file run_25.cif (mmCIF, C-alpha atoms)
data_query
loop_
_atom_site.label_atom_id
_atom_site.label_comp_id
_atom_site.auth_asym_id
_atom_site.auth_seq_id
_atom_site.Cartn_x
_atom_site.Cartn_y
_atom_site.Cartn_z
CA MET P 17 149.35 177.65 -50.64
CA GLU P 18 149.28 175.79 -47.33
CA THR P 19 152.27 176.57 -45.11
CA LYS P 20 153.65 174.29 -42.40
CA GLU P 21 151.87 176.38 -39.75
CA MET P 22 148.56 176.18 -41.65
CA SER P 23 149.02 172.44 -42.03
CA GLU P 24 149.50 172.03 -38.27
CA ILE P 25 146.44 174.18 -37.52
CA THR P 26 144.42 172.22 -40.07
CA GLU P 27 145.33 168.87 -38.53
CA LYS P 28 144.49 170.07 -35.00
CA VAL P 29 141.09 171.40 -36.10
CA LEU P 30 140.33 168.27 -38.15
CA GLN P 31 141.10 166.06 -35.15
CA LYS P 32 138.46 167.98 -33.19
CA GLY P 33 135.75 167.56 -35.85
CA GLY P 34 136.64 170.35 -38.27
CA LEU P 35 136.27 170.28 -42.03
CA LEU P 36 138.41 171.63 -44.84
CA SER P 37 136.27 172.58 -47.81
CA LYS P 38 136.48 174.34 -51.12
CA LEU P 39 133.64 176.81 -51.72
CA TYR P 40 132.70 178.14 -55.15
CA PHE P 41 131.01 181.53 -55.46
CA ASP P 42 129.66 183.51 -58.40
CA MET P 43 128.37 187.04 -58.76
CA GLN P 44 126.86 189.11 -61.59
CA SER P 45 126.51 192.83 -62.23
CA GLU P 46 125.92 195.26 -65.06
CA LYS P 47 129.14 197.04 -64.03
CA PRO P 48 132.32 194.94 -64.22
CA GLU P 49 134.18 197.31 -61.87
CA ASP P 50 131.72 196.45 -59.06
CA LEU P 51 132.31 192.71 -59.09
CA GLN P 52 135.75 192.19 -57.61
CA PRO P 53 135.20 194.65 -54.71
CA LEU P 54 131.84 192.99 -53.95
CA MET P 55 133.34 189.50 -54.07
CA THR P 56 136.28 190.64 -51.92
CA ASP P 57 133.81 192.04 -49.39
CA LEU P 58 131.82 188.78 -49.38
CA ILE P 59 134.96 186.78 -48.67
CA ASN P 60 136.84 189.11 -46.30
CA ASN P 61 133.96 190.62 -44.34
CA ARG P 62 131.39 187.84 -44.31
CA LEU P 63 133.00 184.45 -44.96
CA LEU P 64 136.25 184.92 -43.04
CA LYS P 65 134.45 186.59 -40.12
CA ALA P 66 131.73 183.94 -39.87
CA PRO P 67 131.57 182.03 -36.56
CA GLY P 68 133.61 178.83 -36.71
CA VAL P 69 135.76 179.82 -39.70
CA VAL P 70 139.42 179.29 -38.79
CA TYR P 71 141.00 180.47 -42.04
CA GLY P 72 140.40 180.76 -45.75
CA PHE P 73 142.38 181.46 -48.90
CA GLY P 74 141.56 181.54 -52.58
CA SER P 75 141.25 183.60 -55.71
CA ILE P 76 138.76 185.79 -57.53
CA ASP P 77 138.53 185.62 -61.32
CA GLU P 78 138.51 188.65 -63.57
CA PRO P 79 134.97 189.61 -64.66
CA ILE P 80 133.80 188.31 -68.02
CA LYS P 81 130.94 189.61 -70.16
CA LEU P 82 127.91 187.35 -70.56
CA GLU P 83 125.44 188.94 -72.98
CA GLU P 84 124.00 191.88 -70.96
CA ILE P 85 125.82 191.35 -67.65
CA TYR P 86 129.28 190.69 -66.29
CA SER P 87 130.16 187.74 -64.11
CA THR P 88 132.97 186.75 -61.79
CA SER P 89 133.66 183.73 -59.65
CA ALA P 90 135.82 182.83 -56.68
CA ILE P 91 137.18 179.61 -55.26
CA VAL P 92 137.97 179.69 -51.54
CA THR P 93 139.47 176.92 -49.44
CA VAL P 94 138.11 177.29 -45.93
CA LEU P 95 138.74 175.48 -42.64
CA VAL P 96 135.82 175.40 -40.20
CA THR P 97 135.62 174.10 -36.65
CA ASP P 98 132.65 171.79 -37.22
CA LEU P 99 129.79 170.79 -39.48
CA GLY P 100 127.47 173.37 -37.89
CA ALA P 101 129.83 176.20 -38.85
CA LEU P 102 129.97 174.92 -42.43
CA ILE P 103 126.19 174.68 -42.62
CA ASP P 104 125.88 178.26 -41.37
CA VAL P 105 128.36 179.46 -44.00
CA VAL P 106 126.60 177.57 -46.79
CA PHE P 107 123.15 178.76 -45.73
CA ASN P 108 124.13 182.40 -45.21
CA LEU P 109 126.48 182.87 -48.18
CA SER P 110 124.95 180.49 -50.75
CA PRO P 111 128.00 179.23 -52.63
CA ILE P 112 127.19 177.65 -55.99
CA GLY P 113 129.27 174.62 -55.09
CA ILE P 114 131.07 172.96 -52.22
CA GLU P 115 133.69 170.25 -52.08
CA ILE P 116 134.77 168.58 -48.84
CA LEU P 117 138.54 168.15 -48.99
CA LYS P 118 139.18 166.77 -45.49
CA PRO P 119 138.42 164.55 -43.77
CA GLN P 120 138.41 162.05 -46.58
CA GLY P 121 136.23 158.99 -46.30
CA GLU P 122 133.90 158.84 -43.32
CA PHE P 123 132.96 161.74 -41.09
CA VAL P 124 131.89 160.73 -37.59
CA ILE P 125 129.60 162.94 -35.55
CA LYS P 126 128.61 162.32 -31.94
CA SER P 127 124.89 162.09 -31.28
CA ARG P 128 124.92 165.10 -28.92
CA ASP P 129 126.64 167.14 -31.66
CA LEU P 130 124.08 165.88 -34.15
CA ASN P 131 121.29 166.95 -31.79
CA THR P 132 122.83 170.43 -31.54
CA LEU P 133 123.18 170.53 -35.31
CA MET P 134 119.54 169.54 -35.84
CA VAL P 135 118.39 172.27 -33.45
CA ARG P 136 120.56 174.77 -35.36
CA LEU P 137 119.02 173.65 -38.67
CA SER P 138 115.58 174.10 -37.16
CA GLU P 139 116.54 177.63 -36.05
CA ILE P 140 117.86 178.46 -39.52
CA SER P 141 114.66 177.16 -41.06
CA ALA P 142 112.50 179.17 -38.65
CA ASP P 143 114.55 182.33 -39.30
CA TYR P 144 114.22 181.82 -43.04
CA ASN P 145 110.48 181.17 -42.78
CA ARG P 146 110.05 184.25 -40.59
CA TYR P 147 111.97 186.36 -43.12
CA ILE P 148 109.91 185.10 -46.06
CA LEU P 149 106.57 185.33 -44.26
CA THR P 150 107.13 188.87 -43.04
CA ARG P 151 107.93 189.94 -46.61
CA VAL P 152 104.87 188.20 -48.14
CA MET P 153 102.11 188.35 -45.52
CA SER P 154 100.45 191.32 -43.95
CA GLY P 155 97.75 192.23 -41.46
CA ASP P 156 95.96 189.61 -39.40
CA ASP P 157 97.56 186.65 -41.19
CA LEU P 158 101.04 187.97 -40.37
CA GLU P 159 100.12 188.52 -36.71
CA LYS P 160 98.81 184.94 -36.42
CA VAL P 161 102.04 183.56 -37.88
CA LYS P 162 104.16 185.75 -35.56
CA GLU P 163 102.23 184.50 -32.52
CA SER P 164 102.61 180.91 -33.70
CA LEU P 165 106.38 181.41 -34.15
CA LYS P 166 106.70 182.96 -30.68
CA SER P 167 104.81 180.04 -29.17
CA ARG P 168 107.00 177.56 -31.03
CA GLU P 169 110.15 179.33 -29.85
CA ALA P 170 108.95 179.33 -26.23
CA GLN P 171 108.08 175.63 -26.40
CA GLY P 172 111.51 174.84 -27.87
CA LYS P 173 113.22 176.74 -25.05
CA ARG P 174 111.17 174.84 -22.45
CA LEU P 175 112.16 171.51 -24.02
CA LEU P 176 115.84 172.48 -24.06
CA GLU P 177 115.67 173.61 -20.42
CA LYS P 178 114.06 170.31 -19.40
CA LYS P 179 116.71 168.38 -21.29
CA SER P 180 119.61 170.32 -19.77
CA SER P 181 118.16 169.96 -16.27
CA GLY P 182 117.89 166.20 -16.74
CA GLU P 183 114.10 166.25 -16.60
CA ALA P 184 113.02 164.05 -19.48
CA PRO P 185 109.66 164.75 -21.08
CA LYS P 186 107.07 162.05 -20.51
CA GLU P 187 106.92 159.77 -23.50
CA GLU P 188 103.70 158.08 -24.44
CA PRO P 189 102.87 155.80 -27.37
CA LEU P 190 101.53 157.63 -30.39
CA LYS P 191 97.93 156.96 -31.32
CA ASP P 192 96.51 156.83 -34.82
#

call {"tool": "encode", "arguments": {"input": "run_25.cif", "output": "structure tokens"}}
result
Amino acid sequence: METKEMSEITEKVLQKGGLLSKLYFDMQSEKPEDLQPLMTDLINNRLLKAPGVVYGFGSIDEPIKLEEIYSTSAIVTVLVTDLGALIDVVFNLSPIGIEILKPQGEFVIKSRDLNTLMVRLSEISADYNRYILTRVMSGDDLEKVKESLKSREAQGKRLLEKKSSGEAPKEEPLKD
């Protein structure tokens, strides 16, 4: 399905650290008529509008009956600007599978980009933890966790500000 224009765009994005991937999605419902519109919405309004997604194309299967429920799946080829964008897509949309199509072989990432990526993963983890904890905890325990998360966020911002200003934190040997 790739046109000459898409191929040129793909190569430009890949040269700048992009990735071309195939994502596999599945969805179940008691009503077969709900599945294709829901899957279309997931792809058109969430995947294709996600930050860092350049383009995507694919297909959605007709729903099939599995005992008490109906199921459908979709395969979408997607070009993203960088590994961080792909991680965000995978974390937020939870495909059941992923296949990296390009680049083939090794993927090189600069250490500053890896640092940014690690910070992003930490943010995703903190957001996920916050979401889970606020749904499970209540009362005083929840307030303690919220305060701890605020403190952690403030400390992270201070460290990033120091780093961007060139002020390195004082490093000392760790003690047992």

call {"tool": "resolve_selection", "arguments": {"input": "run_25.cif", "expression": "the PyMOL selection byres ((chain P and resi 112) around 7)", "output": "list in words"}}
result
Tyr40, Phe41, Asp42, Ser110, Pro111 and Gly113 of chain P

call {"tool": "write_last_selection", "arguments": {"input": "run_25.cif", "atoms": "C-alpha atoms", "output": "mmCIF file, in the coordinates of the input"}}
result
data_model
loop_
_atom_site.group_PDB
_atom_site.id
_atom_site.type_symbol
_atom_site.label_atom_id
_atom_site.label_comp_id
_atom_site.auth_asym_id
_atom_site.auth_seq_id
_atom_site.Cartn_x
_atom_site.Cartn_y
_atom_site.Cartn_z
ATOM 1 C CA TYR P 40 132.700 178.140 -55.150
ATOM 2 C CA PHE P 41 131.010 181.530 -55.460
ATOM 3 C CA ASP P 42 129.660 183.510 -58.400
ATOM 4 C CA SER P 110 124.950 180.490 -50.750
ATOM 5 C CA PRO P 111 128.000 179.230 -52.630
ATOM 6 C CA GLY P 113 129.270 174.620 -55.090
#

call {"tool": "resolve_selection", "arguments": {"input": "run_25.cif", "expression": "the PyMOL selection byres ((chain P and resi 56) around 12)", "output": "list of chain:residue names"}}
result
P:Phe41, P:Asp42, P:Met43, P:Asp50, P:Leu51, P:Gln52, P:Pro53, P:Leu54, P:Met55, P:Asp57, P:Leu58, P:Ile59, P:Asn60, P:Asn61, P:Arg62, P:Leu63, P:Leu64, P:Phe73, P:Gly74, P:Ser75, P:Ile76, P:Asp77, P:Thr88, P:Ser89, P:Ala90, P:Ile91, P:Val92

call {"tool": "write_last_selection", "arguments": {"input": "run_25.cif", "atoms": "C-alpha atoms", "output": "PDB file, in the coordinates of the input"}}
result
ATOM      1  CA  PHE P  41     131.010 181.530 -55.460  1.00  0.00           C
ATOM      2  CA  ASP P  42     129.660 183.510 -58.400  1.00  0.00           C
ATOM      3  CA  MET P  43     128.370 187.040 -58.760  1.00  0.00           C
ATOM      4  CA  ASP P  50     131.720 196.450 -59.060  1.00  0.00           C
ATOM      5  CA  LEU P  51     132.310 192.710 -59.090  1.00  0.00           C
ATOM      6  CA  GLN P  52     135.750 192.190 -57.610  1.00  0.00           C
ATOM      7  CA  PRO P  53     135.200 194.650 -54.710  1.00  0.00           C
ATOM      8  CA  LEU P  54     131.840 192.990 -53.950  1.00  0.00           C
ATOM      9  CA  MET P  55     133.340 189.500 -54.070  1.00  0.00           C
ATOM     10  CA  ASP P  57     133.810 192.040 -49.390  1.00  0.00           C
ATOM     11  CA  LEU P  58     131.820 188.780 -49.380  1.00  0.00           C
ATOM     12  CA  ILE P  59     134.960 186.780 -48.670  1.00  0.00           C
ATOM     13  CA  ASN P  60     136.840 189.110 -46.300  1.00  0.00           C
ATOM     14  CA  ASN P  61     133.960 190.620 -44.340  1.00  0.00           C
ATOM     15  CA  ARG P  62     131.390 187.840 -44.310  1.00  0.00           C
ATOM     16  CA  LEU P  63     133.000 184.450 -44.960  1.00  0.00           C
ATOM     17  CA  LEU P  64     136.250 184.920 -43.040  1.00  0.00           C
ATOM     18  CA  PHE P  73     142.380 181.460 -48.900  1.00  0.00           C
ATOM     19  CA  GLY P  74     141.560 181.540 -52.580  1.00  0.00           C
ATOM     20  CA  SER P  75     141.250 183.600 -55.710  1.00  0.00           C
ATOM     21  CA  ILE P  76     138.760 185.790 -57.530  1.00  0.00           C
ATOM     22  CA  ASP P  77     138.530 185.620 -61.320  1.00  0.00           C
ATOM     23  CA  THR P  88     132.970 186.750 -61.790  1.00  0.00           C
ATOM     24  CA  SER P  89     133.660 183.730 -59.650  1.00  0.00           C
ATOM     25  CA  ALA P  90     135.820 182.830 -56.680  1.00  0.00           C
ATOM     26  CA  ILE P  91     137.180 179.610 -55.260  1.00  0.00           C
ATOM     27  CA  VAL P  92     137.970 179.690 -51.540  1.00  0.00           C
TER      28      VAL P  92
END

call {"tool": "residues_around", "arguments": {"input": "run_25.cif", "residues": "P:Val135", "least_positions_apart": "3", "cutoff": "12 Å", "atoms": "all atoms listed in the file", "output": "list in words"}}
result
Gly100, Arg128, Asp129, Leu130, Asn131, Thr132, Ser138, Glu139, Ile140, Ser141, Ala142, Glu169, Gly172, Lys173, Leu175 and Leu176 of chain P

call {"tool": "write_last_selection", "arguments": {"input": "run_25.cif", "atoms": "C-alpha atoms", "output": "CSV table (one decimal), in the frame of the given file"}}
result
chain,number,residue,atom,x,y,z
P,100,GLY,CA,127.5,173.4,-37.9
P,128,ARG,CA,124.9,165.1,-28.9
P,129,ASP,CA,126.6,167.1,-31.7
P,130,LEU,CA,124.1,165.9,-34.2
P,131,ASN,CA,121.3,167.0,-31.8
P,132,THR,CA,122.8,170.4,-31.5
P,138,SER,CA,115.6,174.1,-37.2
P,139,GLU,CA,116.5,177.6,-36.0
P,140,ILE,CA,117.9,178.5,-39.5
P,141,SER,CA,114.7,177.2,-41.1
P,142,ALA,CA,112.5,179.2,-38.6
P,169,GLU,CA,110.2,179.3,-29.8
P,172,GLY,CA,111.5,174.8,-27.9
P,173,LYS,CA,113.2,176.7,-25.0
P,175,LEU,CA,112.2,171.5,-24.0
P,176,LEU,CA,115.8,172.5,-24.1

call {"tool": "residues_near_point", "arguments": {"input": "run_25.cif", "point": "(146.0, 172.8, -34.5)", "cutoff": "12 Å", "atoms": "all atoms listed in the file", "output": "number ranges by chain"}}
result
P: 20-34, 70-71, 95-97

call {"tool": "residues_around", "arguments": {"input": "run_25.cif", "residues": "P:Leu82", "least_positions_apart": "6", "cutoff": "12 Å", "atoms": "all atoms listed in the file", "output": "PyMOL selection string"}}
result
chain P and resi 43-48+88

call {"tool": "closest_residue", "arguments": {"input": "run_25.cif", "among": "P:Ala170, P:Leu137, P:Val94, P:Ile148", "to": "P:Glu115", "atoms": "all atoms listed in the file"}}
result
P:Val94

call {"tool": "atom_distance", "arguments": {"input": "run_25.cif", "atom1": "atom CA of P:Glu163", "atom2": "atom CA of P:Lys178"}}
result
22.7 Å

call {"tool": "atom_distance", "arguments": {"input": "run_25.cif", "atom1": "atom CA of P:Asp104", "atom2": "atom CA of P:Arg151"}}
result
22.0 Å

call {"tool": "residues_around", "arguments": {"input": "run_25.cif", "residues": "P:Val105", "least_positions_apart": "4", "cutoff": "7 Å", "atoms": "all atoms listed in the file", "output": "PyMOL selection string"}}
result
chain P and resi 63+66+101+109

call {"tool": "resolve_selection", "arguments": {"input": "run_25.cif", "expression": "the PyMOL selection byres ((chain P and resi 117-119) around 6)", "output": "number ranges by chain"}}
result
P: 35-37, 116, 120

call {"tool": "closest_residue", "arguments": {"input": "run_25.cif", "among": "P:Asp157, P:Tyr86, P:Thr93, P:Glu49", "to": "P:Gly72", "atoms": "only C-alpha atoms"}}
result
P:Thr93

call {"tool": "atom_distance", "arguments": {"input": "run_25.cif", "atom1": "atom CA of P:Asp98", "atom2": "atom CA of P:Gly68"}}
result
7.1 Å

call {"tool": "build_atoms", "arguments": {"input": "run_25.cif", "residues": "stretch 34-58 of chain P", "atoms": "N, CA and C atoms", "output": "mmCIF file, keeping the file's coordinate frame"}}
result
data_model
loop_
_atom_site.group_PDB
_atom_site.id
_atom_site.type_symbol
_atom_site.label_atom_id
_atom_site.label_comp_id
_atom_site.auth_asym_id
_atom_site.auth_seq_id
_atom_site.Cartn_x
_atom_site.Cartn_y
_atom_site.Cartn_z
ATOM 1 N N GLY P 34 136.692 169.313 -37.242
ATOM 2 C CA GLY P 34 136.640 170.350 -38.270
ATOM 3 C C GLY P 34 136.569 169.781 -39.671
ATOM 4 N N LEU P 35 136.340 170.663 -40.622
ATOM 5 C CA LEU P 35 136.270 170.280 -42.030
ATOM 6 C C LEU P 35 137.034 171.294 -42.874
ATOM 7 N N LEU P 36 137.742 170.789 -43.859
ATOM 8 C CA LEU P 36 138.410 171.630 -44.840
ATOM 9 C C LEU P 36 137.622 171.493 -46.131
ATOM 10 N N SER P 37 137.145 172.607 -46.648
ATOM 11 C CA SER P 37 136.270 172.580 -47.810
ATOM 12 C C SER P 37 136.696 173.611 -48.833
ATOM 13 N N LYS P 38 136.293 173.370 -50.066
ATOM 14 C CA LYS P 38 136.480 174.340 -51.120
ATOM 15 C C LYS P 38 135.091 174.866 -51.484
ATOM 16 N N LEU P 39 134.919 176.181 -51.404
ATOM 17 C CA LEU P 39 133.640 176.810 -51.720
ATOM 18 C C LEU P 39 133.763 177.568 -53.033
ATOM 19 N N TYR P 40 132.731 177.466 -53.855
ATOM 20 C CA TYR P 40 132.700 178.140 -55.150
ATOM 21 C C TYR P 40 131.596 179.194 -55.127
ATOM 22 N N PHE P 41 131.962 180.429 -55.453
ATOM 23 C CA PHE P 41 131.010 181.530 -55.460
ATOM 24 C C PHE P 41 130.943 182.148 -56.850
ATOM 25 N N ASP P 42 129.781 182.720 -57.171
ATOM 26 C CA ASP P 42 129.660 183.510 -58.400
ATOM 27 C C ASP P 42 128.864 184.766 -58.095
ATOM 28 N N MET P 43 129.032 185.757 -58.959
ATOM 29 C CA MET P 43 128.370 187.040 -58.760
ATOM 30 C C MET P 43 128.216 187.703 -60.131
ATOM 31 N N GLN P 44 127.105 188.402 -60.330
ATOM 32 C CA GLN P 44 126.860 189.110 -61.590
ATOM 33 C C GLN P 44 126.521 190.565 -61.320
ATOM 34 N N SER P 45 126.843 191.410 -62.309
ATOM 35 C CA SER P 45 126.510 192.830 -62.230
ATOM 36 C C SER P 45 126.552 193.420 -63.629
ATOM 37 N N GLU P 46 125.855 194.538 -63.795
ATOM 38 C CA GLU P 46 125.920 195.260 -65.060
ATOM 39 C C GLU P 46 127.235 196.030 -65.187
ATOM 40 N N LYS P 47 127.888 196.281 -64.050
ATOM 41 C CA LYS P 47 129.140 197.040 -64.030
ATOM 42 C C LYS P 47 130.291 196.112 -63.639
ATOM 43 N N PRO P 48 131.225 195.858 -64.544
ATOM 44 C CA PRO P 48 132.320 194.940 -64.220
ATOM 45 C C PRO P 48 133.200 195.437 -63.077
ATOM 46 N N GLU P 49 133.318 196.754 -62.922
ATOM 47 C CA GLU P 49 134.180 197.310 -61.870
ATOM 48 C C GLU P 49 133.615 197.074 -60.462
ATOM 49 N N ASP P 50 132.332 196.720 -60.366
ATOM 50 C CA ASP P 50 131.720 196.450 -59.060
ATOM 51 C C ASP P 50 132.012 195.038 -58.542
ATOM 52 N N LEU P 51 132.290 194.125 -59.458
ATOM 53 C CA LEU P 51 132.310 192.710 -59.090
ATOM 54 C C LEU P 51 133.431 192.302 -58.152
ATOM 55 N N GLN P 52 134.659 192.640 -58.471
ATOM 56 C CA GLN P 52 135.750 192.190 -57.610
ATOM 57 C C GLN P 52 135.681 192.818 -56.209
ATOM 58 N N PRO P 53 135.369 194.115 -56.076
ATOM 59 C CA PRO P 53 135.200 194.650 -54.710
ATOM 60 C C PRO P 53 134.056 193.971 -53.938
ATOM 61 N N LEU P 54 132.959 193.672 -54.621
ATOM 62 C CA LEU P 54 131.840 192.990 -53.950
ATOM 63 C C LEU P 54 132.222 191.575 -53.528
ATOM 64 N N MET P 55 132.923 190.867 -54.399
ATOM 65 C CA MET P 55 133.340 189.500 -54.070
ATOM 66 C C MET P 55 134.378 189.525 -52.952
ATOM 67 N N THR P 56 135.282 190.492 -52.991
ATOM 68 C CA THR P 56 136.280 190.640 -51.920
ATOM 69 C C THR P 56 135.590 190.903 -50.589
ATOM 70 N N ASP P 57 134.572 191.749 -50.601
ATOM 71 C CA ASP P 57 133.810 192.040 -49.390
ATOM 72 C C ASP P 57 133.112 190.779 -48.875
ATOM 73 N N LEU P 58 132.497 190.016 -49.771
ATOM 74 C CA LEU P 58 131.820 188.780 -49.380
ATOM 75 C C LEU P 58 132.796 187.837 -48.677
#
